[in-house]
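Quick look at model-v1.csv (CSV, C-alpha atoms):
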```csv
chain,number,residue,atom,x,y,z
T,1,MET,CA,73.2,48.3,72.3
T,2,SER,CA,75.8,49.5,69.8
T,3,ARG,CA,75.2,49.1,66.1
T,4,ARG,CA,77.6,47.3,63.9
T,5,PRO,CA,79.5,49.8,61.7
T,6,ALA,CA,78.3,49.7,58.1
T,7,VAL,CA,80.6,48.2,55.5
T,8,ALA,CA,81.8,50.9,53.2
T,9,ASP,CA,80.8,50.6,49.6
T,10,PRO,CA,83.5,50.2,47.0
T,11,GLU,CA,84.6,53.5,45.5
T,12,PRO,CA,83.1,53.9,42.0
T,13,VAL,CA,85.4,53.4,39.0
T,14,LEU,CA,84.7,54.9,35.6
T,15,ILE,CA,85.2,52.2,32.9
T,16,THR,CA,86.0,53.6,29.4
T,17,THR,CA,88.1,50.8,27.8
T,18,THR,CA,87.6,47.2,26.9
T,19,GLU,CA,90.8,46.4,28.9
T,20,GLN,CA,89.0,47.7,32.0
T,21,LEU,CA,85.7,46.1,31.3
T,22,VAL,CA,86.9,42.5,30.7
T,23,PRO,CA,88.4,41.8,34.2
T,24,LEU,CA,85.5,43.7,35.8
T,25,CYS,CA,82.9,41.4,34.2
T,26,GLU,CA,85.0,38.3,34.9
T,27,ARG,CA,85.0,39.2,38.6
T,28,LEU,CA,81.3,39.9,38.7
T,29,ARG,CA,80.6,36.6,37.0
T,30,GLN,CA,81.9,35.0,40.2
T,31,GLU,CA,79.3,36.7,42.3
T,32,PRO,CA,75.9,35.3,43.3
T,33,PHE,CA,74.2,38.5,42.2
T,34,VAL,CA,75.1,41.8,40.6
T,35,THR,CA,73.1,45.1,40.7
T,36,VAL,CA,72.5,46.8,37.4
T,37,ASP,CA,71.1,50.1,36.2
T,38,THR,CA,71.4,52.2,33.0
T,39,GLU,CA,71.3,55.8,32.0
T,40,PHE,CA,69.9,56.5,28.6
T,41,MET,CA,68.5,59.2,26.4
T,42,ARG,CA,65.2,58.8,24.5
T,43,GLU,CA,63.7,62.3,24.2
T,44,ARG,CA,64.9,62.8,20.6
T,45,THR,CA,65.0,59.2,19.3
T,46,TYR,CA,62.7,56.2,18.8
T,47,TRP,CA,65.3,53.8,20.0
T,48,PRO,CA,66.9,54.4,23.4
T,49,GLU,CA,70.5,55.5,23.3
T,50,LEU,CA,72.5,53.7,26.0
T,51,CYS,CA,74.9,56.2,27.6
T,52,VAL,CA,75.9,54.6,30.9
T,53,VAL,CA,75.7,51.2,32.6
T,54,GLN,CA,76.2,50.9,36.3
T,55,LEU,CA,77.3,47.6,37.9
T,56,GLY,CA,77.6,46.7,41.5
T,57,GLY,CA,79.3,43.8,43.2
T,58,SER,CA,80.6,43.0,46.6
T,59,GLN,CA,84.1,44.4,45.7
T,60,ASP,CA,83.2,46.6,42.7
T,61,THR,CA,81.2,49.6,41.9
T,62,ALA,CA,81.6,50.5,38.2
T,63,VAL,CA,80.2,53.2,36.0
T,64,VAL,CA,80.6,52.0,32.4
T,65,ASP,CA,80.7,54.8,29.8
T,66,ALA,CA,78.8,53.1,27.0
T,67,LEU,CA,79.7,55.9,24.6
T,68,ALA,CA,83.4,55.7,25.1
T,69,PRO,CA,85.2,55.4,21.7
T,70,GLY,CA,86.4,51.8,20.9
T,71,LEU,CA,84.7,50.3,24.0
T,72,ASP,CA,83.5,46.7,23.3
T,73,LEU,CA,80.4,45.9,25.4
T,74,SER,CA,80.3,42.2,24.6
T,75,PRO,CA,81.8,41.2,28.0
T,76,LEU,CA,78.8,42.9,29.6
T,77,GLY,CA,76.5,40.9,27.4
T,78,ALA,CA,78.2,37.7,28.6
T,79,LEU,CA,77.7,38.8,32.2
T,80,LEU,CA,74.0,39.5,31.6
T,81,ALA,CA,73.5,36.1,30.0
T,82,ASP,CA,75.3,34.2,32.8
T,83,GLU,CA,72.6,32.1,34.4
T,84,HIS,CA,74.6,31.6,37.6
T,85,VAL,CA,74.5,35.3,38.4
T,86,VAL,CA,71.2,37.0,39.4
T,87,LYS,CA,70.8,40.4,37.8
T,88,VAL,CA,69.1,42.8,40.2
T,89,PHE,CA,67.3,45.9,38.8
T,90,HIS,CA,64.8,48.4,40.1
T,91,ALA,CA,61.8,49.1,37.7
T,92,CYS,CA,63.7,47.2,35.0
T,93,ARG,CA,61.4,47.3,31.9
T,94,GLN,CA,63.3,50.0,30.0
T,95,ASP,CA,66.7,48.6,31.1
T,96,VAL,CA,65.8,45.2,29.9
T,97,GLU,CA,64.4,46.5,26.6
T,98,ILE,CA,67.8,48.3,26.0
T,99,PHE,CA,69.7,45.1,26.6
T,100,LEU,CA,67.3,43.0,24.5
T,101,LEU,CA,67.9,45.4,21.6
T,102,ARG,CA,71.6,45.4,22.0
T,103,TYR,CA,72.2,41.7,22.7
T,104,GLY,CA,69.1,40.0,21.3
T,105,ALA,CA,68.2,38.4,24.7
T,106,THR,CA,67.0,39.6,28.0
T,107,PRO,CA,69.2,39.3,31.1
T,108,GLN,CA,68.5,36.1,33.1
T,109,PRO,CA,67.9,35.3,35.9
T,110,LEU,CA,66.3,38.6,36.8
T,111,PHE,CA,65.1,40.2,40.1
T,112,ASP,CA,63.2,43.5,40.0
T,113,THR,CA,63.1,45.2,43.5
T,114,GLN,CA,60.1,47.3,42.6
T,115,ILE,CA,58.0,44.2,42.0
T,116,ALA,CA,59.5,42.5,45.0
T,117,ALA,CA,58.6,45.5,47.1
T,118,MET,CA,55.0,45.3,45.9
T,119,VAL,CA,54.9,41.6,47.0
T,120,ALA,CA,56.5,42.6,50.3
T,121,GLY,CA,53.8,45.2,51.1
T,122,PHE,CA,55.6,48.5,50.2
T,123,GLY,CA,52.7,49.7,48.1
T,124,ASP,CA,52.2,50.3,44.4
T,125,GLN,CA,55.3,51.1,42.4
T,126,ALA,CA,57.6,51.8,45.4
T,127,SER,CA,60.3,54.2,44.3
T,128,TYR,CA,64.0,53.5,44.6
T,129,ASP,CA,64.3,56.6,46.8
T,130,SER,CA,61.7,55.2,49.3
T,131,LEU,CA,63.2,51.8,49.4
T,132,ALA,CA,66.7,53.2,49.9
T,133,ARG,CA,65.4,55.1,52.9
T,134,ALA,CA,63.5,52.2,54.3
T,135,LEU,CA,65.9,49.3,53.7
T,136,ALA,CA,69.3,50.8,53.2
T,137,ASN,CA,69.2,53.8,55.5
T,138,ALA,CA,70.3,56.0,52.6
T,139,GLN,CA,69.1,59.3,51.1
T,140,ILE,CA,69.3,59.7,47.4
T,141,ASP,CA,70.6,62.9,45.9
T,142,LYS,CA,68.2,63.7,43.0
T,143,ALA,CA,70.2,66.6,41.6
T,144,HIS,CA,71.3,64.7,38.5
T,145,ARG,CA,68.1,62.8,37.7
T,146,PHE,CA,67.5,64.8,34.5
T,147,SER,CA,71.1,65.0,33.4
T,148,ASP,CA,72.1,64.9,29.7
T,149,TRP,CA,73.8,61.5,30.0
T,150,SER,CA,75.0,61.7,26.4
T,151,ALA,CA,77.2,64.7,27.1
T,152,ARG,CA,80.9,64.1,27.7
T,153,PRO,CA,82.9,64.1,29.8
T,154,LEU,CA,80.9,62.8,32.7
T,155,SER,CA,81.3,64.9,35.8
T,156,PRO,CA,82.4,63.5,39.2
T,157,ALA,CA,78.9,64.3,40.5
T,158,GLN,CA,77.2,62.4,37.7
T,159,ILE,CA,79.5,59.4,38.3
T,160,ALA,CA,78.7,59.5,42.1
T,161,TYR,CA,75.0,59.8,41.3
T,162,ALA,CA,75.0,56.9,38.9
T,163,ALA,CA,77.0,54.7,41.2
T,164,ALA,CA,74.5,55.2,44.1
T,165,ASP,CA,71.8,53.5,41.9
T,166,VAL,CA,73.6,50.2,42.3
T,167,THR,CA,75.3,50.4,45.7
T,168,HIS,CA,72.1,51.0,47.8
T,169,LEU,CA,70.4,48.5,45.5
T,170,ARG,CA,72.5,45.7,46.9
T,171,ARG,CA,71.2,46.2,50.4
T,172,ILE,CA,67.7,46.7,49.2
T,173,TYR,CA,67.9,43.4,47.3
T,174,VAL,CA,69.3,41.4,50.3
T,175,ALA,CA,66.6,42.8,52.6
T,176,LEU,CA,63.7,42.0,50.2
T,177,ARG,CA,65.1,38.6,49.3
T,178,ASP,CA,65.5,37.6,52.9
T,179,ARG,CA,62.1,38.9,53.9
T,180,LEU,CA,60.3,37.2,51.0
T,181,ALA,CA,62.2,34.0,51.6
T,182,LYS,CA,61.1,34.0,55.3
T,183,GLU,CA,57.5,34.6,54.2
T,184,GLY,CA,57.6,32.0,51.5
T,185,ARG,CA,56.9,34.5,48.7
T,186,LEU,CA,60.0,34.3,46.5
T,187,ASP,CA,58.1,32.1,44.1
T,188,TRP,CA,55.5,34.9,43.8
T,189,VAL,CA,58.3,37.2,42.6
T,190,GLY,CA,59.5,34.5,40.3
T,191,GLU,CA,56.2,34.3,38.5
T,192,GLU,CA,56.3,38.1,37.8
T,193,MET,CA,59.9,37.8,36.5
T,194,ALA,CA,58.8,35.4,33.8
T,195,ALA,CA,56.9,38.1,32.0
T,196,LEU,CA,59.8,40.6,32.3
T,197,THR,CA,62.3,38.1,30.8
T,198,ASP,CA,60.0,37.2,27.9
T,199,PRO,CA,61.2,39.0,24.7
T,200,ALA,CA,57.5,39.2,23.5
T,201,THR,CA,56.9,41.7,26.3
T,202,TYR,CA,59.0,44.2,24.5
T,203,ARG,CA,57.9,43.7,20.9
T,204,THR,CA,55.8,46.3,19.2
T,205,ASP,CA,53.5,45.1,16.4
T,206,PRO,CA,53.0,48.0,14.0
T,207,GLU,CA,49.8,46.4,12.6
T,208,ALA,CA,48.2,46.6,16.1
T,209,ALA,CA,49.3,50.2,16.8
T,210,TRP,CA,46.0,51.6,15.7
T,211,GLU,CA,44.2,49.9,18.5
T,212,LYS,CA,46.0,52.1,21.1
T,213,LEU,CA,44.3,55.2,19.6
T,214,ARG,CA,40.9,53.8,20.6
T,215,PRO,CA,38.9,55.1,17.6
T,216,ARG,CA,35.2,55.7,18.4
T,217,THR,CA,33.7,54.6,15.1
T,218,THR,CA,32.4,51.4,13.4
T,219,ASN,CA,33.4,52.7,9.9
T,220,ARG,CA,35.6,49.8,8.7
T,221,ARG,CA,37.1,51.8,5.8
T,222,PHE,CA,38.2,54.5,8.2
T,223,LEU,CA,39.7,51.9,10.5
T,224,GLY,CA,41.5,50.3,7.5
T,225,VAL,CA,43.2,53.6,6.7
T,226,LEU,CA,43.9,54.3,10.4
T,227,ARG,CA,45.5,50.8,10.7
T,228,ALA,CA,47.7,51.4,7.7
T,229,ILE,CA,48.9,54.9,8.7
T,230,ALA,CA,49.5,53.9,12.3
T,231,ALA,CA,51.6,51.0,11.1
T,232,TRP,CA,53.4,53.4,8.7
T,233,ARG,CA,54.1,55.8,11.6
T,234,GLU,CA,55.6,53.0,13.7
T,235,ARG,CA,57.9,51.8,11.0
T,236,GLU,CA,58.9,55.2,9.8
T,237,ALA,CA,59.7,56.4,13.3
T,238,GLN,CA,61.9,53.4,13.7
T,239,ARG,CA,63.6,54.0,10.3
T,240,VAL,CA,64.4,57.7,10.9
T,241,ASN,CA,64.9,57.0,14.7
T,242,ILE,CA,62.6,59.8,16.1
T,243,PRO,CA,59.8,59.5,18.6
T,244,ARG,CA,56.5,58.6,16.9
T,245,GLN,CA,54.7,61.7,18.3
T,246,ARG,CA,57.4,63.9,16.8
T,247,LEU,CA,56.9,62.3,13.4
T,248,LEU,CA,53.1,62.7,13.5
T,249,ARG,CA,51.0,63.4,16.5
T,250,ASP,CA,48.0,61.2,17.4
T,251,GLU,CA,45.5,63.9,16.6
T,252,SER,CA,47.1,64.5,13.2
T,253,LEU,CA,47.0,60.8,12.6
T,254,LEU,CA,43.3,60.6,13.3
T,255,GLU,CA,42.6,63.6,11.0
T,256,VAL,CA,44.6,62.1,8.2
T,257,ALA,CA,42.7,58.8,8.5
T,258,ALA,CA,39.4,60.7,8.4
T,259,THR,CA,40.2,62.8,5.3
T,260,ALA,CA,42.4,60.1,3.5
T,261,PRO,CA,44.2,62.7,1.4
T,262,ALA,CA,45.3,61.7,-2.1
T,263,ASP,CA,48.1,64.2,-2.7
T,264,ALA,CA,50.7,66.2,-0.9
T,265,ALA,CA,48.6,69.5,-1.1
T,266,SER,CA,45.7,67.8,0.7
T,267,LEU,CA,48.0,66.1,3.2
T,268,ALA,CA,49.5,69.5,4.1
T,269,ARG,CA,46.1,70.8,5.0
T,270,ALA,CA,45.8,68.3,7.9
T,271,ARG,CA,46.4,69.8,11.3
T,272,GLY,CA,50.0,69.4,12.4
T,273,VAL,CA,51.3,68.4,9.0
T,274,THR,CA,53.8,70.8,7.4
T,275,GLU,CA,54.3,71.5,3.7
T,276,GLY,CA,57.8,70.2,3.9
T,277,PHE,CA,56.7,66.9,5.5
T,278,ALA,CA,53.9,66.4,3.0
T,279,ARG,CA,56.1,66.9,0.0
T,280,GLY,CA,59.1,65.0,1.4
T,281,LYS,CA,60.0,61.3,1.5
T,282,SER,CA,58.0,60.6,4.6
T,283,GLY,CA,54.9,62.3,3.2
T,284,ALA,CA,55.2,60.3,-0.1
T,285,SER,CA,55.4,57.0,1.8
T,286,LEU,CA,52.4,58.0,4.0
T,287,LEU,CA,50.3,58.8,0.9
T,288,ALA,CA,51.3,55.4,-0.6
T,289,ALA,CA,50.1,53.7,2.6
T,290,ILE,CA,46.8,55.6,2.4
T,291,GLU,CA,46.2,54.6,-1.2
T,292,ALA,CA,47.0,50.9,-0.5
T,293,ALA,CA,44.4,51.0,2.4
T,294,LYS,CA,41.8,52.6,0.2
T,295,ASP,CA,42.1,49.6,-2.2
T,296,LEU,CA,41.7,46.9,0.4
T,297,PRO,CA,38.7,44.6,-0.2
T,298,GLU,CA,36.0,44.7,2.4
T,299,ALA,CA,37.0,41.3,3.8
T,300,GLU,CA,40.5,42.6,4.7
T,301,LEU,CA,39.3,45.6,6.6
T,302,PRO,CA,39.6,45.5,10.5
T,303,GLU,CA,36.6,44.9,12.6
T,304,PRO,CA,35.5,47.6,15.0
T,305,PRO,CA,36.7,47.1,18.5
T,306,ARG,CA,34.2,44.9,20.2
T,307,GLU,CA,32.4,46.0,23.3
T,308,ARG,CA,32.4,43.6,26.1
T,309,SER,CA,29.7,41.0,25.5
T,310,GLY,CA,27.3,39.8,28.1
T,311,PRO,CA,25.5,41.6,30.8
T,312,ALA,CA,27.1,44.7,32.3
T,313,ALA,CA,28.8,44.4,35.6
T,314,SER,CA,26.8,45.3,38.7
T,315,PRO,CA,28.3,48.5,40.2
T,316,ALA,CA,27.4,47.1,43.7
T,317,LEU,CA,29.2,43.8,43.0
T,318,VAL,CA,32.3,45.7,41.6
T,319,ALA,CA,32.3,47.8,44.8
T,320,LEU,CA,32.2,44.6,46.9
T,321,LEU,CA,35.1,43.1,45.0
T,322,LYS,CA,37.0,46.3,45.6
T,323,VAL,CA,36.5,45.9,49.3
T,324,LEU,CA,37.6,42.3,49.1
T,325,LEU,CA,40.7,43.3,47.1
T,326,ALA,CA,41.6,46.0,49.7
T,327,ALA,CA,41.0,43.5,52.6
T,328,LYS,CA,43.1,40.8,50.9
T,329,ALA,CA,45.9,43.2,50.1
T,330,GLU,CA,45.9,44.4,53.7
T,331,GLU,CA,45.8,40.9,55.1
T,332,HIS,CA,48.7,39.7,52.9
T,333,GLN,CA,50.6,43.0,52.8
T,334,VAL,CA,50.6,43.0,49.0
T,335,ALA,CA,50.0,46.0,46.7
T,336,PRO,CA,46.4,45.8,45.5
T,337,ARG,CA,47.4,46.6,41.9
T,338,LEU,CA,49.6,43.5,41.9
T,339,LEU,CA,46.5,41.3,42.7
T,340,ALA,CA,44.0,42.8,40.3
T,341,SER,CA,43.3,46.0,38.3
T,342,SER,CA,40.0,47.9,38.0
T,343,ASP,CA,39.3,46.3,34.7
T,344,ASP,CA,40.0,42.8,36.2
T,345,LEU,CA,37.3,43.5,38.8
T,346,ASP,CA,34.8,44.6,36.1
T,347,ARG,CA,35.4,41.4,34.2
T,348,LEU,CA,35.1,39.3,37.4
T,349,ALA,CA,31.8,40.9,38.2
T,350,ALA,CA,30.3,40.3,34.7
T,351,GLU,CA,31.8,37.0,33.7
T,352,ARG,CA,34.1,34.1,34.7
T,353,PRO,CA,37.3,34.9,32.7
T,354,GLU,CA,39.6,32.0,33.5
T,355,ASP,CA,42.4,33.7,31.5
T,356,LEU,CA,42.5,36.6,34.0
T,357,PRO,CA,45.8,36.9,35.8
T,358,ALA,CA,43.9,37.4,39.1
T,359,LEU,CA,42.7,33.8,38.7
T,360,GLN,CA,46.1,32.3,38.0
T,361,GLY,CA,48.9,31.1,40.3
T,362,TRP,CA,49.5,32.7,43.6
T,363,ARG,CA,47.0,35.5,42.9
T,364,ARG,CA,44.2,33.0,42.8
T,365,LYS,CA,45.2,31.6,46.2
T,366,VAL,CA,45.5,35.1,47.7
T,367,PHE,CA,42.5,36.8,46.0
T,368,GLY,CA,41.0,35.1,43.0
T,369,ALA,CA,39.4,32.1,44.6
T,370,ASP,CA,37.6,34.2,47.2
T,371,ALA,CA,36.6,36.8,44.6
T,372,LEU,CA,34.8,34.0,42.6
T,373,ALA,CA,33.2,32.8,45.8
T,374,LEU,CA,32.0,36.3,46.7
T,375,ARG,CA,30.6,36.8,43.1
T,376,ASP,CA,28.8,33.4,43.2
T,377,GLY,CA,27.2,34.1,46.6
T,378,ASN,CA,29.4,31.6,48.6
T,379,LEU,CA,31.2,34.3,50.6
T,380,ALA,CA,30.0,37.4,52.4
T,381,LEU,CA,31.9,40.4,53.9
T,382,GLY,CA,31.5,41.6,57.5
T,383,VAL,CA,33.2,43.9,59.9
T,384,GLU,CA,34.9,42.9,63.1
T,385,GLY,CA,36.3,45.8,65.1
T,386,ARG,CA,38.0,48.0,62.5
T,387,ARG,CA,38.8,45.2,60.0
T,388,VAL,CA,36.8,43.6,57.2
T,389,ARG,CA,36.3,39.8,57.7
T,390,LEU,CA,35.1,37.1,55.4
T,391,VAL,CA,31.9,35.2,56.3
T,392,ARG,CA,31.4,31.8,54.7
T,393,PRO,CA,27.8,30.6,55.0
T,394,ALA,CA,27.4,27.3,56.9
T,395,SER,CA,25.0,25.9,54.4
T,396,GLY,CA,23.8,27.1,51.0
T,397,PRO,CA,24.8,30.2,49.2
T,398,ALA,CA,24.4,33.5,51.0
T,399,ARG,CA,21.6,35.6,49.5
T,400,GLY,CA,21.2,39.3,49.5
T,401,ALA,CA,18.2,41.6,49.4
T,402,ALA,CA,18.8,42.2,45.7
T,403,ASP,CA,18.2,38.5,44.8
```

Transcribe the structure of this file into structure tokens.
Amino acid sequence: MSRRPAVADPEPVLITTTEQLVPLCERLRQEPFVTVDTEFMRERTYWPELCVVQLGGSQDTAVVDALAPGLDLSPLGALLADEHVVKVFHACRQDVEIFLLRYGATPQPLFDTQIAAMVAGFGDQASYDSLARALANAQIDKAHRFSDWSARPLSPAQIAYAAADVTHLRRIYVALRDRLAKEGRLDWVGEEMAALTDPATYRTDPEAAWEKLRPRTTNRRFLGVLRAIAAWREREAQRVNIPRQRLLRDESLLEVAATAPADAASLARARGVTEGFARGKSGASLLAAIEAAKDLPEAELPEPPRERSGPAASPALVALLKVLLAAKAEEHQVAPRLLASSDDLDRLAAERPEDLPALQGWRRKVFGADALALRDGNLALGVEGRRVRLVRPASGPARGAAD
């Protein structure tokens, strides 16, 4: 049987003027969906620098030079905000963050093919390359993956590479959408998209930055200083627009919190802190933050991170839950990580955390309800052939030798 010839993708067009962008976005707003990707630089800055935006439609493949002089990107913002057009991305968190920073809103409606692939059984964090091979019969040229996208002019090879990120994505999206619709799982993807379109997902709270450092101490005064200087680092990195680790590394931050220096000379003795930094504007503002934290009354100091209360999870029960998770993921062809994390299993084994994502929505139907039944002794696991099967006791809870 002969195969139908593939429809050729539109030739990529480089967009460098507002006069080119306006009609492009008007055409794309007439489409049911548009594929979107970005190229950006962040190695030297706190805020991502948008360099290129790729857009794919049924008749258009466009590479928008976001750094072109005089280019007004507001037509792109109108396209991303158009609720009649689905915006299709792959692994979209950083792309969405960029558009949120630029336009003050997330693109909606949204479809992330990486998450859709996890729901469709392509494993954890399926790459664009693997999906292009499996669903679009395409091979991705990775030669320009680490290009300097801020350098101009863009080369023809860079333009072709960037365009491929949205042409193959159209076929990937259609294949996943049709497959999930047939299996009745499009709503599952919709639940995941709600978090990705929530602006709160992308907000950083400077006052909570210290918690990510996971300090191993109950000294509240130390924690008060750490909280203050971690918040200072976040705000200062934003102000001067450099990565937080380049401003002050984590190990230096912890040492400064421990020593709480009172002057520039003492600050300069901390590991990783230069004399120039200590005596400059940033050093002065850091010392002011430390002094303010030293003066905090006891009642305003942070509480040490709490250990999980209640009895520790049984390792054997956690192991059983892992087997159930693997069996359910295999049965439903869903990536296990999408159903529950290792921390989720620990909490399920030790308590009944109704706020756990694994116990909400479609996850509860697929895994959570049976996980609770297993934990409560109302479900057992057996083996039939080469597969794990669920055994539901005919009467009364199943009891094990450890009871």

Using only C-alpha atoms, can you tell me which of T:Gly184, T:Leu110, T:Lys294, T:Ala136 comes closest to Thr259 in chain T?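 Among T:Gly184, T:Leu110, T:Lys294, T:Ala136, it is T:Lys294 that comes nearest to Thr259 in chain T.
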
Nearest to Ile115 in chain T, restricted to only C-alpha atoms and choosing among T:Gly276, T:Pro393, T:Gly190, T:Pro153, comes out as T:Gly190

_With 6 Å as the threshold, what does the neighbourhood of (62.7, 61.6, 18.3) contain in terms of residues, counting all atoms listed in the file? Coordinates are those of the file; answer as a list in words._
Arg44, Thr45, Tyr46, Ile242, Pro243 and Arg246 of chain T

Shortest contact to Thr18 in chain T, candidates T:Asp72, T:Asp65, T:Asp198, T:Glu31, atoms counted all atoms listed in the file, goes to T:Asp72

Practice problem: Find the spatial neighbours of Glu303 in chain T, counting all atoms listed in the file, within a cut-off of 9 Å - ignore same-chain residues fewer than 5 positions away - and output them as a list in words. | Solution: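 With the cut-off at 9 Å, the set is Thr218, Asn219, Arg220, Leu223 and Gly224 of chain T.
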
May I have the residues within 10 Å of Ala162 in chain T as a ChimeraX atom specification, using only C-alpha atoms and disregarding those fewer than 3 positions away in the same chain? /T:12,37-39,52-55,62-64,144-145,156-159,165-167

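Among the candidate residues T:Gly280, T:Gly377, T:Pro215, T:Pro357, the one lying nearest to Pro302 in chain T is T:Pro215, with distances computed using only C-alpha atoms.
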
| said: Which residue is closest to Ser150 in chain T? Choose from T:Cys25, T:Ala268, T:Val88, T:Ala66 and count only C-alpha atoms. | reply: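 Looking at the shortest contact to Ser150 in chain T, the residue is T:Ala66.
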
Name the residues within 12 Å of (80.3, 53.3, 52.4), counting only C-alpha atoms in the file's coordinates, and put them as a list in words.
Pro5, Ala6, Val7, Ala8, Asp9, Pro10, Glu11, Pro12, Ser58, Gln59, Thr61, Ala136, Asn137, Ala138, Ala163, Ala164, Thr167, His168 and Arg171 of chain T
